[in-house]
Structure formats: C-alpha cells, structure tokens
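*Asks:* Structure supplied as data18.pdb; contents: PDB, C-alpha atoms.
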MODEL        1
ATOM      1  CA  GLN A1413    -112.250 -14.737  -1.078
ATOM      2  CA  VAL A1414    -112.835 -13.868  -4.726
ATOM      3  CA  GLN A1415    -110.673 -15.958  -6.991
ATOM      4  CA  LEU A1416    -110.338 -18.210  -9.999
ATOM      5  CA  VAL A1417    -108.466 -21.476  -9.631
ATOM      6  CA  GLU A1418    -107.297 -23.524 -12.596
ATOM      7  CA  SER A1419    -106.510 -27.213 -12.419
ATOM      8  CA  GLY A1420    -106.097 -30.231 -14.659
ATOM      9  CA  GLY A1421    -102.789 -29.505 -16.325
ATOM     10  CA  GLY A1422     -99.996 -31.995 -16.582
ATOM     11  CA  LEU A1423     -97.502 -33.818 -18.767
ATOM     12  CA  VAL A1424     -99.097 -35.596 -21.704
ATOM     13  CA  GLN A1425     -97.847 -37.250 -24.873
ATOM     14  CA  PRO A1426     -98.618 -35.780 -28.286
ATOM     15  CA  GLY A1427    -102.074 -36.792 -29.372
ATOM     16  CA  GLY A1428    -103.314 -37.040 -25.805
ATOM     17  CA  SER A1429    -106.092 -35.154 -24.047
ATOM     18  CA  LEU A1430    -106.582 -33.061 -20.960
ATOM     19  CA  ARG A1431    -109.525 -31.344 -19.333
ATOM     20  CA  LEU A1432    -108.709 -28.095 -17.623
ATOM     21  CA  SER A1433    -111.013 -26.655 -14.981
ATOM     22  CA  CYS A1434    -111.525 -23.072 -13.907
ATOM     23  CA  ALA A1435    -113.392 -22.871 -10.622
ATOM     24  CA  ALA A1436    -114.655 -19.615  -9.193
ATOM     25  CA  SER A1437    -115.156 -18.732  -5.564
ATOM     26  CA  GLY A1438    -116.614 -15.577  -4.114
ATOM     27  CA  PHE A1439    -118.597 -14.676  -7.223
ATOM     28  CA  THR A1440    -121.023 -16.249  -9.686
ATOM     29  CA  LEU A1441    -119.192 -17.320 -12.797
ATOM     30  CA  ASN A1442    -122.239 -17.502 -15.045
ATOM     31  CA  ASN A1443    -122.614 -13.726 -14.876
ATOM     32  CA  TYR A1444    -119.278 -13.303 -16.639
ATOM     33  CA  PRO A1445    -117.818 -14.079 -20.037
ATOM     34  CA  ILE A1446    -114.913 -16.436 -19.405
ATOM     35  CA  GLY A1447    -111.756 -16.913 -21.371
ATOM     36  CA  TRP A1448    -108.918 -19.394 -21.475
ATOM     37  CA  PHE A1449    -105.506 -17.985 -22.290
ATOM     38  CA  ARG A1450    -102.072 -19.473 -22.553
ATOM     39  CA  GLN A1451     -98.544 -18.237 -22.425
ATOM     40  CA  ALA A1452     -95.534 -20.207 -23.555
ATOM     41  CA  PRO A1453     -91.985 -19.250 -22.557
ATOM     42  CA  GLY A1454     -90.778 -16.324 -24.633
ATOM     43  CA  LYS A1455     -94.163 -15.806 -26.251
ATOM     44  CA  GLU A1456     -96.975 -13.354 -25.720
ATOM     45  CA  ARG A1457    -100.210 -14.329 -24.052
ATOM     46  CA  GLU A1458    -102.739 -15.848 -26.458
ATOM     47  CA  GLY A1459    -106.493 -16.048 -26.094
ATOM     48  CA  VAL A1460    -107.394 -19.616 -27.044
ATOM     49  CA  SER A1461    -111.078 -19.917 -26.225
ATOM     50  CA  CYS A1462    -113.851 -17.826 -24.712
ATOM     51  CA  ILE A1463    -117.478 -18.405 -23.801
ATOM     52  CA  SER A1464    -120.237 -15.891 -23.273
ATOM     53  CA  SER A1465    -122.280 -15.428 -20.127
ATOM     54  CA  SER A1466    -125.583 -15.126 -21.970
ATOM     55  CA  ASP A1467    -126.174 -17.172 -25.100
ATOM     56  CA  GLY A1468    -123.407 -19.751 -24.813
ATOM     57  CA  SER A1469    -121.564 -18.472 -27.845
ATOM     58  CA  THR A1470    -117.953 -19.495 -28.095
ATOM     59  CA  TYR A1471    -114.747 -18.390 -29.737
ATOM     60  CA  TYR A1472    -111.678 -20.418 -30.628
ATOM     61  CA  ALA A1473    -108.334 -19.288 -31.902
ATOM     62  CA  ASP A1474    -107.490 -20.725 -35.305
ATOM     63  CA  SER A1475    -104.632 -22.689 -33.772
ATOM     64  CA  VAL A1476    -107.004 -24.714 -31.586
ATOM     65  CA  LYS A1477    -110.210 -24.991 -33.622
ATOM     66  CA  GLY A1478    -111.455 -28.527 -33.825
ATOM     67  CA  ARG A1479    -109.284 -29.666 -30.902
ATOM     68  CA  PHE A1480    -110.373 -27.489 -27.950
ATOM     69  CA  THR A1481    -113.877 -27.333 -26.493
ATOM     70  CA  ILE A1482    -114.944 -24.802 -23.890
ATOM     71  CA  SER A1483    -117.977 -25.381 -21.690
ATOM     72  CA  ARG A1484    -119.458 -24.169 -18.457
ATOM     73  CA  ASP A1485    -121.233 -25.875 -15.592
ATOM     74  CA  ASN A1486    -123.118 -23.156 -13.765
ATOM     75  CA  ALA A1487    -124.183 -25.474 -10.973
ATOM     76  CA  LYS A1488    -120.519 -26.105 -10.185
ATOM     77  CA  ASN A1489    -119.468 -22.498 -10.864
ATOM     78  CA  THR A1490    -116.819 -23.918 -13.187
ATOM     79  CA  VAL A1491    -115.686 -23.535 -16.778
ATOM     80  CA  TYR A1492    -113.858 -26.329 -18.562
ATOM     81  CA  LEU A1493    -111.475 -26.547 -21.482
ATOM     82  CA  LEU A1494    -111.279 -29.965 -23.097
ATOM     83  CA  ILE A1495    -108.096 -30.279 -25.110
ATOM     84  CA  ASN A1496    -107.769 -33.114 -27.594
ATOM     85  CA  SER A1497    -105.037 -34.070 -30.069
ATOM     86  CA  LEU A1498    -102.438 -32.216 -28.053
ATOM     87  CA  LYS A1499     -99.367 -30.965 -29.883
ATOM     88  CA  PRO A1500     -95.974 -29.927 -28.509
ATOM     89  CA  GLU A1501     -96.799 -26.350 -29.491
ATOM     90  CA  ASP A1502     -99.703 -26.424 -27.025
ATOM     91  CA  THR A1503     -97.164 -26.457 -24.200
ATOM     92  CA  ALA A1504     -97.824 -23.392 -22.051
ATOM     93  CA  VAL A1505     -99.254 -22.161 -18.797
ATOM     94  CA  TYR A1506    -103.014 -21.961 -19.201
ATOM     95  CA  TYR A1507    -104.982 -19.304 -17.375
ATOM     96  CA  CYS A1508    -108.661 -18.488 -17.102
ATOM     97  CA  ALA A1509    -110.084 -15.008 -16.772
ATOM     98  CA  ALA A1510    -113.415 -13.305 -16.155
ATOM     99  CA  GLU A1511    -114.403  -9.847 -17.281
ATOM    100  CA  ARG A1512    -117.956  -8.649 -16.876
ATOM    101  CA  LYS A1513    -117.924  -5.776 -19.364
ATOM    102  CA  MET A1514    -116.822  -7.783 -22.398
ATOM    103  CA  THR A1515    -119.746  -7.774 -24.806
ATOM    104  CA  THR A1516    -118.562 -10.434 -27.269
ATOM    105  CA  VAL A1517    -116.459 -13.567 -27.021
ATOM    106  CA  GLN A1518    -114.227 -12.211 -29.770
ATOM    107  CA  ALA A1519    -113.473  -9.153 -27.671
ATOM    108  CA  MET A1520    -112.928 -11.314 -24.608
ATOM    109  CA  CYS A1521    -110.317 -13.403 -26.381
ATOM    110  CA  SER A1522    -108.668 -10.687 -28.453
ATOM    111  CA  THR A1523    -107.323  -8.213 -25.901
ATOM    112  CA  SER A1524    -103.738  -7.069 -25.944
ATOM    113  CA  PRO A1525    -101.314  -9.284 -24.038
ATOM    114  CA  SER A1526    -101.012  -6.664 -21.310
ATOM    115  CA  TYR A1527    -104.755  -6.287 -20.707
ATOM    116  CA  GLU A1528    -105.728  -6.889 -17.104
ATOM    117  CA  TYR A1529    -108.967  -8.782 -16.572
ATOM    118  CA  ASP A1530    -111.264  -8.366 -13.590
ATOM    119  CA  TYR A1531    -110.351 -11.834 -12.378
ATOM    120  CA  TRP A1532    -107.355 -13.920 -13.373
ATOM    121  CA  GLY A1533    -106.261 -17.315 -12.107
ATOM    122  CA  GLN A1534    -102.830 -18.552 -11.110
ATOM    123  CA  GLY A1535    -102.464 -20.858 -14.098
ATOM    124  CA  THR A1536    -101.951 -24.556 -14.729
ATOM    125  CA  GLN A1537     -99.019 -25.970 -16.672
ATOM    126  CA  VAL A1538     -99.645 -28.080 -19.750
ATOM    127  CA  THR A1539     -96.604 -29.859 -21.168
ATOM    128  CA  VAL A1540     -96.856 -31.930 -24.311
ATOM    129  CA  SER A1541     -93.851 -34.130 -24.860
ATOM    130  CA  ALA A1542     -92.972 -37.660 -25.870
TER     131      ALA A1542
ENDMDL
END
How does this structure look as structure tokens?
*Replies:*
Amino acid sequence: QVQLVESGGGLVQPGGSLRLSCAASGFTLNNYPIGWFRQAPGKEREGVSCISSSDGSTYYADSVKGRFTISRDNAKNTVYLLINSLKPEDTAVYYCAAERKMTTVQAMCSTSPSYEYDYWGQGTQVTVSA
C-alpha cells in the first residue's frame, strides 16, 4: 500500500519541542521532494518546510525560520521536522506530502492551498498551549 504516515504530534507548552515523522510505504521517499504543511482551524494550508530529493536543499517559511529543521533519513524512508521554540500560533494539523515533478523546494512549498500532491498523509495534530 502506497502511503505517507505522519506521527509525533501532541500537546506541548510554549517554548517546547517536537519531532514530527513522515514515513513512506510502498515507494522510495528519497526519489521525491518532500514538504511539510500545516493547517490551522479557519486558515488556509501553509507550506512550512520542504526538502529536495537531489541536493538536500531546503526551504522554510518565514514564520518558522530558525525554529524548524527538516531532514531525511533515506535508510528509514522517513522525513523529519524538528520543531523548536513552539508558539501557540504553531497549533495546527501538520501534513507531509510528496510530489515527484516539483523541481525546486520553493515550488514544492508554495503551491496554492487547493493543490493536490501525488502523496499526502493523514496529518498529526500539534497543539501548543500552557
């Protein structure tokens, strides 16, 4: 079965950290650019971080630069998103996506909110609250 599965979300206090995982099954993740997206209630989907399949280049939205780190472990067929210094405004459902034809990480992360990626996970909830 071809799918992406996110995990690692939870309830965390402001200033805390989480590591989200995006595990692929049924296909080889390192052949695809991967993106992390989030959607908060009442807000449009936002591309927060993307990583290329080739040279390891990365992209971060301005709202998360310096706090989020994306990485991939090809041996585990998994992409991670390390989130530090969490803020209440980071509260959202976080999704990962794969799209083979994206040529740059900027393009991968900057699609319209309605764009449908080749592969899309079910999401993991991140809640930041005291």
*Asks:* Tell me which residues the PyMOL selection byres ((chain A and resi 1503) around 6) grabs here, as a list in words.
*Replies:*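 Applied to this file, the PyMOL selection byres ((chain A and resi 1503) around 6) returns Pro1500, Glu1501, Asp1502, Ala1504, Val1538, Thr1539 and Val1540 of chain A.
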*Asks:* Give me a file of those residues, with C-alpha atoms, as an mmCIF file, in the coordinates of the input.
*Replies:*
data_model
loop_
_atom_site.group_PDB
_atom_site.id
_atom_site.type_symbol
_atom_site.label_atom_id
_atom_site.label_comp_id
_atom_site.auth_asym_id
_atom_site.auth_seq_id
_atom_site.Cartn_x
_atom_site.Cartn_y
_atom_site.Cartn_z
ATOM 1 C CA PRO A 1500 -95.974 -29.927 -28.509
ATOM 2 C CA GLU A 1501 -96.799 -26.350 -29.491
ATOM 3 C CA ASP A 1502 -99.703 -26.424 -27.025
ATOM 4 C CA ALA A 1504 -97.824 -23.392 -22.051
ATOM 5 C CA VAL A 1538 -99.645 -28.080 -19.750
ATOM 6 C CA THR A 1539 -96.604 -29.859 -21.168
ATOM 7 C CA VAL A 1540 -96.856 -31.930 -24.311
#
*Asks:* Report as an MDAnalysis selection string all protein, DNA and RNA residues lying within 6 Å of Ala1510 (chain A), evaluated on all atoms listed in the file, omitting residues in the same chain fewer than 3 positions from it.
*Replies:* chainID A and resid 1444:1446 1530:1531
*Asks:* So, with all atoms listed in the file as the atoms that count, which of A:Pro1453, A:Asn1489, A:Val1417, A:Glu1458 lies closest to Gln1534 (chain A)?
*Replies:*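 Under the stated criterion, the closest residue is A:Val1417.
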*Asks:* Do a neighbour search on Leu1494 (chain A) at 9 Å with only C-alpha atoms, toss out local chain neighbours closer than 3 positions, and write the hits as a PyMOL selection string.
*Replies:* chain A and resi 1429-1433+1479-1483
*Asks:* Would you work out the distance separating CA of Tyr1472 (chain A) from CA of Lys1513 (chain A), expressed in Å to one decimal?
*Replies:*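 We find that CA of Tyr1472 (chain A) and CA of Lys1513 (chain A) lie 19.5 Å from each other.
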*Asks:* Apply the PyMOL selection byres ((chain A and resi 1427) around 8) to the displayed file and report the matching residues as a list in words.
*Replies:* Gln1425, Pro1426, Gly1428, Ser1429, Asn1496, Ser1497, Leu1498 and Lys1499 of chain A
*Asks:* Evaluating the PyMOL selection byres ((chain A and resi 1465) around 8) on the displayed file yields which residues, as a ChimeraX atom specification?
*Replies:* /A:1442-1446,1463-1464,1466-1468
*Asks:* Work out where the centre of an axis-aligned box around every listed atom of region 1435-1442 of chain A lies and how long its edges are once 3 Å is added on each side; give both in Å to one decimal as JSON.
*Replies:*
{"center_x": -117.8, "center_y": -18.8, "center_z": -9.6, "size_x": 14.8, "size_y": 14.2, "size_z": 16.9}
